[in-house]
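Peer 1: File target.cif below, mmCIF, C-alpha atoms:
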```cif
data_structure
loop_
_atom_site.label_atom_id
_atom_site.label_comp_id
_atom_site.auth_asym_id
_atom_site.auth_seq_id
_atom_site.Cartn_x
_atom_site.Cartn_y
_atom_site.Cartn_z
CA MET G 1 -38.81 165.34 -168.71
CA ASP G 2 -41.76 166.91 -170.49
CA ALA G 3 -40.77 170.38 -171.64
CA SER G 4 -44.19 171.65 -170.61
CA ILE G 5 -43.17 171.47 -166.94
CA ARG G 6 -39.64 172.76 -167.42
CA TRP G 7 -38.81 176.35 -168.20
CA HIS G 8 -35.23 177.63 -168.37
CA GLY G 9 -34.32 174.85 -165.92
CA LEU G 10 -37.07 175.95 -163.54
CA ARG G 11 -40.70 175.09 -163.02
CA ALA G 12 -43.15 177.48 -164.59
CA ALA G 13 -46.20 178.49 -162.57
CA PRO G 14 -49.56 177.71 -164.20
CA HIS G 15 -50.11 181.38 -165.04
CA ARG G 16 -47.17 183.58 -166.09
CA PRO G 17 -47.84 187.28 -166.74
CA ALA G 18 -45.67 188.87 -169.40
CA ALA G 19 -44.99 191.80 -167.09
CA PHE G 20 -43.46 189.67 -164.35
CA ASN G 21 -39.79 188.69 -164.65
CA TRP G 22 -39.96 185.05 -163.54
CA VAL G 23 -36.35 184.27 -164.46
CA GLY G 24 -35.00 187.25 -162.54
CA PHE G 25 -37.23 186.46 -159.57
CA LEU G 26 -36.43 182.76 -159.33
CA LEU G 27 -32.73 183.09 -160.03
CA LEU G 28 -32.41 185.08 -156.82
CA LEU G 29 -33.03 181.85 -154.91
CA PRO G 30 -29.94 179.79 -155.82
CA THR G 31 -27.27 182.37 -154.97
CA ALA G 32 -26.59 181.14 -151.45
CA ALA G 33 -26.11 177.56 -152.60
CA LEU G 34 -23.95 178.65 -155.55
CA ALA G 35 -21.52 180.19 -153.12
CA LEU G 36 -21.00 176.86 -151.39
CA THR G 37 -18.82 175.30 -154.05
CA TRP G 38 -17.95 178.00 -156.58
CA ASN G 39 -14.92 180.31 -156.39
CA PRO G 40 -15.48 182.98 -159.07
CA LYS G 41 -11.77 183.79 -159.18
CA THR G 42 -10.58 180.29 -160.02
CA ASP G 43 -13.52 178.18 -161.18
CA ALA G 44 -15.73 178.11 -164.25
CA PRO G 45 -19.37 178.98 -163.50
CA PRO G 46 -21.36 175.99 -162.20
CA ALA G 47 -24.27 174.55 -164.17
CA ASN G 48 -27.44 175.33 -162.22
CA VAL G 49 -26.26 174.34 -158.76
CA GLY G 50 -28.69 175.47 -156.09
CA LEU G 51 -32.15 175.20 -157.63
CA ASP G 52 -35.15 174.46 -155.43
CA ASN G 53 -33.27 175.38 -152.29
CA ALA G 54 -34.67 175.45 -148.77
CA ARG G 55 -32.95 177.07 -145.82
CA GLN G 56 -33.01 176.83 -142.02
CA LEU G 57 -30.94 178.27 -139.19
CA ASP G 58 -29.80 176.06 -136.31
CA SER G 59 -29.81 177.09 -132.64
CA ALA G 60 -26.43 178.81 -133.10
CA GLY G 61 -27.69 180.78 -136.10
CA ASN G 62 -25.70 178.76 -138.64
CA PRO G 63 -27.42 178.25 -142.02
CA HIS G 64 -28.33 174.87 -143.50
CA ILE G 65 -29.44 174.50 -147.12
CA SER G 66 -30.96 171.69 -149.19
CA TYR G 67 -30.95 172.08 -152.97
CA HIS G 68 -30.98 170.40 -156.37
CA ASP G 69 -27.80 170.07 -158.42
CA THR G 70 -29.09 170.17 -161.97
CA ALA G 71 -25.73 169.24 -163.48
CA GLY G 72 -25.49 166.00 -161.49
CA GLY G 73 -29.22 165.51 -160.95
CA ASP G 74 -28.66 165.04 -157.20
CA LEU G 75 -30.16 166.21 -153.93
CA MET G 76 -27.50 168.16 -152.04
CA TYR G 77 -27.13 169.50 -148.51
CA ALA G 78 -24.81 172.20 -147.18
CA ALA G 79 -24.18 173.35 -143.60
CA TRP G 80 -22.02 176.20 -142.31
CA ASN G 81 -19.61 174.84 -139.66
CA GLY G 82 -18.42 178.22 -138.42
CA THR G 83 -15.50 178.63 -140.80
CA GLY G 84 -16.67 177.00 -144.03
CA TRP G 85 -19.36 174.98 -145.78
CA ASP G 86 -19.76 171.22 -145.36
CA VAL G 87 -21.37 170.05 -148.61
CA GLU G 88 -22.52 166.52 -149.36
CA THR G 89 -24.73 164.50 -151.65
CA VAL G 90 -27.91 163.25 -149.96
CA ASP G 91 -29.44 161.24 -152.81
CA SER G 92 -28.03 160.52 -156.26
CA THR G 93 -30.36 157.73 -157.37
CA GLY G 94 -31.65 159.02 -160.70
CA GLN G 95 -32.75 162.64 -161.05
CA VAL G 96 -33.78 163.77 -157.57
CA GLY G 97 -34.13 166.90 -155.50
CA TRP G 98 -36.88 169.13 -156.87
CA TYR G 99 -39.14 171.03 -154.48
CA THR G 100 -36.97 170.48 -151.41
CA ALA G 101 -38.15 171.39 -147.90
CA LEU G 102 -35.81 171.32 -144.91
CA ALA G 103 -36.35 171.02 -141.16
CA LEU G 104 -33.91 170.59 -138.26
CA ASP G 105 -34.81 168.42 -135.29
CA SER G 106 -34.06 169.22 -131.63
CA ALA G 107 -30.53 167.80 -132.03
CA GLY G 108 -29.90 169.92 -135.12
CA ASN G 109 -30.08 166.96 -137.50
CA PRO G 110 -31.49 167.78 -140.97
CA HIS G 111 -34.60 166.24 -142.51
CA ILE G 112 -35.50 166.85 -146.16
CA SER G 113 -38.59 166.18 -148.27
CA TYR G 114 -38.29 166.35 -152.05
CA TYR G 115 -39.49 165.17 -155.44
CA ASP G 116 -37.87 162.21 -157.25
CA ILE G 117 -38.00 163.31 -160.89
CA THR G 118 -37.02 159.94 -162.36
CA ASN G 119 -39.71 157.93 -160.57
CA SER G 120 -42.25 160.74 -160.02
CA ASP G 121 -42.30 160.01 -156.28
CA LEU G 122 -42.28 161.89 -153.01
CA LYS G 123 -39.12 161.09 -151.04
CA TYR G 124 -37.73 161.87 -147.60
CA ALA G 125 -34.18 161.88 -146.23
CA ALA G 126 -33.01 162.16 -142.61
CA TRP G 127 -29.52 162.36 -141.13
CA ASN G 128 -29.08 159.56 -138.54
CA GLY G 129 -25.79 160.79 -137.10
CA THR G 130 -23.51 158.91 -139.47
CA GLY G 131 -25.36 158.88 -142.78
CA TRP G 132 -28.58 159.61 -144.65
CA ASP G 133 -31.66 157.41 -144.34
CA VAL G 134 -33.55 157.82 -147.63
CA GLU G 135 -37.01 156.44 -148.37
CA THR G 136 -39.96 156.80 -150.71
CA VAL G 137 -43.01 158.25 -148.97
CA ASP G 138 -45.61 158.16 -151.76
CA SER G 139 -45.33 156.49 -155.17
CA ALA G 140 -49.02 156.45 -156.16
CA GLY G 141 -48.72 158.24 -159.50
CA GLN G 142 -46.87 161.50 -160.04
CA VAL G 143 -46.60 162.91 -156.52
CA GLY G 144 -44.30 165.20 -154.57
CA TRP G 145 -44.35 168.68 -156.07
CA TYR G 146 -44.24 171.73 -153.78
CA THR G 147 -43.34 169.86 -150.61
CA ALA G 148 -43.50 171.48 -147.19
CA LEU G 149 -42.01 169.76 -144.13
CA ALA G 150 -42.50 170.06 -140.38
CA LEU G 151 -41.44 167.92 -137.42
CA ASP G 152 -43.68 167.27 -134.42
CA ASP G 153 -42.45 167.41 -130.82
CA ALA G 154 -41.20 163.82 -131.13
CA GLY G 155 -39.26 164.65 -134.29
CA ARG G 156 -41.63 162.74 -136.56
CA PRO G 157 -41.97 164.21 -140.07
CA ARG G 158 -45.14 165.63 -141.60
CA ILE G 159 -45.19 166.58 -145.28
CA SER G 160 -47.69 168.47 -147.44
CA TYR G 161 -47.33 168.16 -151.22
CA TYR G 162 -49.04 168.30 -154.59
CA ASP G 163 -50.33 165.17 -156.36
CA VAL G 164 -49.80 166.07 -160.02
CA GLY G 165 -51.73 163.12 -161.43
CA HIS G 166 -54.93 163.83 -159.52
CA GLY G 167 -54.50 167.57 -159.00
CA ASP G 168 -54.87 167.19 -155.22
CA LEU G 169 -53.23 168.52 -152.08
CA LYS G 170 -51.98 165.61 -149.98
CA TYR G 171 -50.47 165.14 -146.52
CA ALA G 172 -48.16 162.41 -145.23
CA ALA G 173 -47.41 161.76 -141.54
CA TRP G 174 -44.97 159.24 -140.06
CA ASP G 175 -46.67 157.53 -137.10
CA GLY G 176 -43.55 155.71 -135.91
CA ALA G 177 -44.09 152.63 -138.05
CA ARG G 178 -45.47 153.76 -141.40
CA TRP G 179 -46.48 156.73 -143.50
CA VAL G 180 -50.15 157.66 -143.15
CA ILE G 181 -51.27 159.53 -146.28
CA THR G 182 -54.47 161.52 -146.67
CA THR G 183 -55.97 163.74 -149.35
CA VAL G 184 -56.49 167.21 -147.91
CA ASP G 185 -58.31 168.89 -150.80
CA SER G 186 -59.45 167.48 -154.15
CA ALA G 187 -61.87 170.22 -155.26
CA GLY G 188 -60.47 171.03 -158.68
CA GLN G 189 -56.72 171.37 -159.15
CA VAL G 190 -55.27 172.41 -155.79
CA GLY G 191 -52.02 172.26 -153.83
CA TYR G 192 -49.34 174.42 -155.44
CA HIS G 193 -47.04 176.42 -153.13
CA SER G 194 -48.07 174.69 -149.91
CA SER G 195 -46.71 175.79 -146.54
CA LEU G 196 -47.13 173.68 -143.40
CA ALA G 197 -47.21 174.44 -139.68
CA LEU G 198 -48.16 172.36 -136.63
CA ASP G 199 -50.13 173.75 -133.72
CA SER G 200 -49.37 173.12 -130.05
CA ASP G 201 -51.19 169.76 -130.25
CA GLY G 202 -49.24 168.73 -133.33
CA ASP G 203 -52.23 169.15 -135.64
CA PRO G 204 -51.35 170.33 -139.17
CA ARG G 205 -52.35 173.59 -140.84
CA ILE G 206 -51.62 174.18 -144.53
CA SER G 207 -51.80 177.22 -146.79
CA TYR G 208 -51.78 176.66 -150.57
CA TYR G 209 -52.78 177.86 -154.01
CA ASP G 210 -56.01 176.75 -155.71
CA ILE G 211 -55.01 176.54 -159.38
CA THR G 212 -58.55 176.05 -160.72
CA ASN G 213 -60.06 179.09 -159.02
CA THR G 214 -56.81 181.09 -158.64
CA ASP G 215 -57.46 181.51 -154.90
CA LEU G 216 -55.50 181.28 -151.66
CA LYS G 217 -56.80 178.42 -149.51
CA TYR G 218 -56.18 177.12 -146.00
CA ALA G 219 -56.76 173.67 -144.50
CA ALA G 220 -56.76 172.66 -140.82
CA TRP G 221 -57.02 169.19 -139.30
CA ASP G 222 -59.75 169.22 -136.63
CA GLY G 223 -59.07 165.75 -135.23
CA ALA G 224 -61.52 163.95 -137.50
CA GLY G 225 -61.07 165.54 -140.91
CA TRP G 226 -59.83 168.53 -142.87
CA ALA G 227 -61.61 171.86 -142.59
CA VAL G 228 -60.90 173.77 -145.83
CA THR G 229 -61.59 177.46 -146.38
CA THR G 230 -60.90 180.02 -149.09
CA VAL G 231 -58.84 182.85 -147.62
CA ASP G 232 -58.59 185.26 -150.56
CA SER G 233 -60.35 185.12 -153.94
CA SER G 234 -59.79 188.71 -155.11
CA GLY G 235 -58.01 188.00 -158.38
CA ASP G 236 -55.20 185.51 -159.01
CA VAL G 237 -53.84 185.15 -155.48
CA GLY G 238 -51.99 182.57 -153.40
CA TYR G 239 -48.57 182.05 -154.98
CA TYR G 240 -45.53 181.32 -152.76
CA THR G 241 -47.45 180.99 -149.51
CA THR G 242 -45.68 181.09 -146.16
CA LEU G 243 -47.64 180.06 -143.07
CA ALA G 244 -46.93 180.72 -139.40
CA LEU G 245 -49.02 180.35 -136.25
CA ASP G 246 -49.02 182.97 -133.52
CA SER G 247 -48.76 182.18 -129.79
CA ALA G 248 -52.51 181.49 -129.72
CA GLY G 249 -52.30 179.13 -132.70
CA ARG G 250 -53.97 181.54 -135.11
CA PRO G 251 -52.73 181.36 -138.71
CA ARG G 252 -50.88 184.15 -140.47
CA ILE G 253 -50.14 183.74 -144.18
CA SER G 254 -47.97 185.76 -146.56
CA TYR G 255 -48.43 185.25 -150.30
CA TYR G 256 -48.20 186.83 -153.74
CA ASP G 257 -51.09 188.52 -155.55
CA LEU G 258 -50.37 187.95 -159.24
CA THR G 259 -53.21 190.16 -160.48
CA HIS G 260 -51.99 193.29 -158.74
CA GLY G 261 -48.31 192.38 -158.38
CA ASP G 262 -48.51 192.78 -154.60
CA GLN G 263 -47.20 190.96 -151.56
CA LYS G 264 -50.20 190.27 -149.31
CA SER G 265 -50.87 188.85 -145.88
CA ALA G 266 -53.87 187.22 -144.27
CA ALA G 267 -54.56 186.75 -140.56
CA TRP G 268 -57.35 184.90 -138.79
CA ASP G 269 -58.81 187.29 -136.22
CA ASN G 270 -62.19 187.35 -134.45
CA GLY G 271 -63.61 184.56 -136.58
CA GLN G 272 -62.69 185.97 -139.98
CA TRP G 273 -59.78 186.42 -142.37
CA VAL G 274 -58.29 189.90 -142.41
CA VAL G 275 -56.38 190.48 -145.65
CA SER G 276 -53.92 193.32 -146.23
CA SER G 277 -51.40 194.36 -148.90
CA GLY G 278 -47.83 195.52 -148.57
#
```
Would you write the structure of this file as structure tokens?
Peer 2:
Amino acid sequence: MDASIRWHGLRAAPHRPAAFNWVGFLLLLPTAALALTWNPKTDAPPANVGLDNARQLDSAGNPHISYHDTAGGDLMYAAWNGTGWDVETVDSTGQVGWYTALALDSAGNPHISYYDITNSDLKYAAWNGTGWDVETVDSAGQVGWYTALALDDAGRPRISYYDVGHGDLKYAAWDGARWVITTVDSAGQVGYHSSLALDSDGDPRISYYDITNTDLKYAAWDGAGWAVTTVDSSGDVGYYTTLALDSAGRPRISYYDLTHGDQKSAAWDNGQWVVSSG
């Protein structure tokens, strides 16, 4: 792997301020997954187990986690069964499991989108009740960074992700027979840190970072195409976006403002974006 896209075992963002402790910030993420298999009293420390983790709670409030095992190069999954962790390997074909996103369907079965490092592909895995169904979603170049995953009312997966080769934000939807892939935004280099939500009609909404202009952007499918808007352009803004829709389907986005070192939020109200800090 090219050292330019690896940094202390983690991905470096395109702009890293000297004042921000990226290692300390990102190493907070793996701690839950580390606890799954490591007993500090009896075991040697694990080698980077738990990177790129994603977490969901089931209907009983039990946590489920997908993550990358750097030592083995595998995609892993862990679920709390009430008394302990059930941990298993989802995919071990090559180096796999970067940029995982996790969703649980109505039956509580896990679905995971992730990046295949060896083949530079976007992949998807779903638990069928007895085992994992694993498939390649997109293999057109180097694709699959910063995946976000949602399931529609029928349990069909929808994935937003970054196309590294073209610098585009892309979207893949399973229609029941095949993956339908579209380019959401190709204006410059766009698509880091995407977050995905579906409205009451199942139409996708995506928040993401515009690398070229260092802006927070938002895209919504209107039934015929993608409507793309810039949400915040006041400095270098839009890292680590998280998107949710309120009961009326209006978007609310939380994100990081790198210029000011602030956590910010944006809400669509009365026909405009209202941005606030803190």
Peer 1: Select from stretch 157-177 of chain G every residue with an atom at most 12 Å from any atom of stretch 205-226 of chain G, then for each give the shortest pair of atoms and their distance in Å to one decimal, using all atoms listed in the file, rows by chain and rising number, as CSV.
Peer 2:
```
residue,atom,partner,partner_atom,distance
G:Arg158,CA,G:Arg205,CA,10.8
G:Ile159,CA,G:Ile206,CA,10.0
G:Ser160,CA,G:Ile206,CA,7.5
G:Tyr161,CA,G:Tyr208,CA,9.6
G:Tyr162,CA,G:Tyr208,CA,9.7
G:Val164,CA,G:Ile211,CA,11.7
G:Gly167,CA,G:Ile211,CA,9.0
G:Asp168,CA,G:Asp210,CA,9.6
G:Leu169,CA,G:Tyr208,CA,8.4
G:Lys170,CA,G:Ile206,CA,10.2
G:Tyr171,CA,G:Ile206,CA,9.3
```
Peer 1: Ranking G:Val180, G:Val134, G:Ala54, G:Ala71 by minimum distance to G:Thr100 and counting all atoms listed in the file, which one comes first?
Peer 2: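 Going through G:Val180, G:Val134, G:Ala54, G:Ala71 one by one, the smallest distance to G:Thr100 is for G:Ala54.
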Peer 1: Taking the file as I've supplied it (selection: the PyMOL selection byres ((chain G and resi 233-235) around 6)), which residues are included? Please answer as a list in words.
Peer 2: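 With the shown file as input, the PyMOL selection byres ((chain G and resi 233-235) around 6) matches Asp215, Asp232, Asp236, Val237 and Thr259 of chain G.
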Peer 1: Quick check on the file I pasted: which residues fall under the PyMOL selection byres ((chain G and resi 186) around 8)? Write them as a VMD selection string.
Peer 2: chain G and resid 166 to 169 183 to 185 187 to 190
Peer 1: Just to confirm, what's the straight-line distance from atom CA of G:Ile181 to atom CA of G:Ala140 in Å (one decimal)?
Peer 2: 10.6 Å
Peer 1: Rank nothing, just name the residue among G:Asp163, G:Glu135, G:Asp91, G:Asp74 nearest to G:Thr147, using only C-alpha atoms.
Peer 2: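 With only C-alpha atoms as the atom set, the closest residue is G:Asp163.
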Peer 1: What does the structure give for the distance between atom CA of G:Leu243 and atom CA of G:Asp52, in Å to one decimal?
Peer 2: 18.4 Å
Peer 1: Smallest atom-to-atom distance to G:Asp116: which of G:Gln56, G:Ser92, G:Thr229, G:Asn270, using all atoms listed in the file?
Peer 2: G:Ser92
Peer 1: Around stretch 62-71 of chain G, with edges along x, y and z and 4 Å added on all six sides, what centre and edge lengths do you get, in Å to one decimal, as lines of an AutoDock Vina configuration file?
Peer 2:
```
center_x = -28.3
center_y = 174.0
center_z = -151.1
size_x = 13.3
size_y = 17.5
size_z = 32.8
```
Peer 1: What's the separation between atom CA of G:His193 and atom CA of G:Tyr240, in Å to one decimal place?
Peer 2: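 Distance between the two atoms: 5.1 Å.
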Peer 1: With distances taken over only C-alpha atoms, which residue among G:Pro157, G:Gly82, G:Pro110, G:Pro204 lies nearest G:Ala244?
Peer 2: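 Nearest candidate to G:Ala244 out of G:Pro157, G:Gly82, G:Pro110, G:Pro204: G:Pro204.
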Peer 1: From the set G:Ser194, G:Ser276, G:Asn128, G:Ser139, which residue has the shortest atom-to-atom contact distance to G:Gly165, counting only C-alpha atoms?
Peer 2: G:Ser139
Peer 1: For a cutoff of 10 Å around the file-coordinate point (-31.9, 164.5, -153.9), which residues qualify once you count only C-alpha atoms? I'd like the result as a PyMOL selection string.
Peer 2: chain G and resi 66-69+73-77+89-100+112-117+123-125+134
Peer 1: Apply the PyMOL selection byres ((chain G and resi 256) around 7) to the file shown and report the selected residues as a list in words.
Peer 2: Val237, Gly238, Tyr239, Tyr240, Tyr255, Asp257, Leu258, Asp262, Gln263 and Lys264 of chain G
Peer 1: Just so I have it separately, write stretch 239-254 of chain G from the block I sent, keeping N, CA, C and O atoms, as a PDB file, in the first residue's frame.
Peer 2:
```pdb
ATOM      1  N   TYR G 239     -15.504  17.807   7.831  1.00  0.00           N
ATOM      2  CA  TYR G 239     -14.930  16.512   8.212  1.00  0.00           C
ATOM      3  C   TYR G 239     -15.915  15.734   9.087  1.00  0.00           C
ATOM      4  O   TYR G 239     -16.680  16.308   9.855  1.00  0.00           O
ATOM      5  N   TYR G 240     -15.864  14.410   8.982  1.00  0.00           N
ATOM      6  CA  TYR G 240     -16.584  13.493   9.887  1.00  0.00           C
ATOM      7  C   TYR G 240     -18.069  13.826   9.981  1.00  0.00           C
ATOM      8  O   TYR G 240     -18.631  13.965  11.059  1.00  0.00           O
ATOM      9  N   THR G 241     -18.718  13.941   8.840  1.00  0.00           N
ATOM     10  CA  THR G 241     -20.131  14.313   8.839  1.00  0.00           C
ATOM     11  C   THR G 241     -21.006  13.176   9.357  1.00  0.00           C
ATOM     12  O   THR G 241     -20.730  12.004   9.128  1.00  0.00           O
ATOM     13  N   THR G 242     -22.056  13.561  10.065  1.00  0.00           N
ATOM     14  CA  THR G 242     -23.113  12.641  10.483  1.00  0.00           C
ATOM     15  C   THR G 242     -24.446  13.281  10.127  1.00  0.00           C
ATOM     16  O   THR G 242     -24.731  14.409  10.533  1.00  0.00           O
ATOM     17  N   LEU G 243     -25.259  12.535   9.369  1.00  0.00           N
ATOM     18  CA  LEU G 243     -26.520  13.058   8.853  1.00  0.00           C
ATOM     19  C   LEU G 243     -27.700  12.322   9.474  1.00  0.00           C
ATOM     20  O   LEU G 243     -27.690  11.101   9.592  1.00  0.00           O
ATOM     21  N   ALA G 244     -28.719  13.070   9.843  1.00  0.00           N
ATOM     22  CA  ALA G 244     -29.986  12.506  10.290  1.00  0.00           C
ATOM     23  C   ALA G 244     -31.115  13.351   9.719  1.00  0.00           C
ATOM     24  O   ALA G 244     -30.928  14.532   9.406  1.00  0.00           O
ATOM     25  N   LEU G 245     -32.283  12.733   9.561  1.00  0.00           N
ATOM     26  CA  LEU G 245     -33.470  13.437   9.085  1.00  0.00           C
ATOM     27  C   LEU G 245     -34.478  13.523  10.220  1.00  0.00           C
ATOM     28  O   LEU G 245     -34.701  12.553  10.948  1.00  0.00           O
ATOM     29  N   ASP G 246     -35.105  14.689  10.376  1.00  0.00           N
ATOM     30  CA  ASP G 246     -36.108  14.818  11.425  1.00  0.00           C
ATOM     31  C   ASP G 246     -37.432  14.195  10.959  1.00  0.00           C
ATOM     32  O   ASP G 246     -37.515  13.616   9.871  1.00  0.00           O
ATOM     33  N   SER G 247     -38.458  14.301  11.787  1.00  0.00           N
ATOM     34  CA  SER G 247     -39.739  13.650  11.482  1.00  0.00           C
ATOM     35  C   SER G 247     -40.392  14.193  10.213  1.00  0.00           C
ATOM     36  O   SER G 247     -41.224  13.525   9.603  1.00  0.00           O
ATOM     37  N   ALA G 248     -39.979  15.409   9.804  1.00  0.00           N
ATOM     38  CA  ALA G 248     -40.494  15.994   8.572  1.00  0.00           C
ATOM     39  C   ALA G 248     -39.585  15.741   7.376  1.00  0.00           C
ATOM     40  O   ALA G 248     -39.851  16.231   6.283  1.00  0.00           O
ATOM     41  N   GLY G 249     -38.506  14.988   7.604  1.00  0.00           N
ATOM     42  CA  GLY G 249     -37.571  14.662   6.534  1.00  0.00           C
ATOM     43  C   GLY G 249     -36.533  15.716   6.267  1.00  0.00           C
ATOM     44  O   GLY G 249     -35.798  15.635   5.273  1.00  0.00           O
ATOM     45  N   ARG G 250     -36.436  16.712   7.150  1.00  0.00           N
ATOM     46  CA  ARG G 250     -35.450  17.783   6.972  1.00  0.00           C
ATOM     47  C   ARG G 250     -34.086  17.340   7.497  1.00  0.00           C
ATOM     48  O   ARG G 250     -33.996  16.747   8.584  1.00  0.00           O
ATOM     49  N   PRO G 251     -33.020  17.644   6.742  1.00  0.00           N
ATOM     50  CA  PRO G 251     -31.690  17.179   7.151  1.00  0.00           C
ATOM     51  C   PRO G 251     -31.101  17.976   8.288  1.00  0.00           C
ATOM     52  O   PRO G 251     -31.280  19.196   8.382  1.00  0.00           O
ATOM     53  N   ARG G 252     -30.385  17.248   9.160  1.00  0.00           N
ATOM     54  CA  ARG G 252     -29.576  17.827  10.228  1.00  0.00           C
ATOM     55  C   ARG G 252     -28.210  17.169  10.141  1.00  0.00           C
ATOM     56  O   ARG G 252     -28.118  15.940  10.092  1.00  0.00           O
ATOM     57  N   ILE G 253     -27.155  17.978  10.111  1.00  0.00           N
ATOM     58  CA  ILE G 253     -25.798  17.468   9.902  1.00  0.00           C
ATOM     59  C   ILE G 253     -24.891  17.965  11.013  1.00  0.00           C
ATOM     60  O   ILE G 253     -24.871  19.153  11.332  1.00  0.00           O
ATOM     61  N   SER G 254     -24.122  17.053  11.612  1.00  0.00           N
ATOM     62  CA  SER G 254     -23.034  17.451  12.506  1.00  0.00           C
ATOM     63  C   SER G 254     -21.719  17.191  11.786  1.00  0.00           C
ATOM     64  O   SER G 254     -21.614  16.243  10.999  1.00  0.00           O
TER      65      SER G 254
END
```
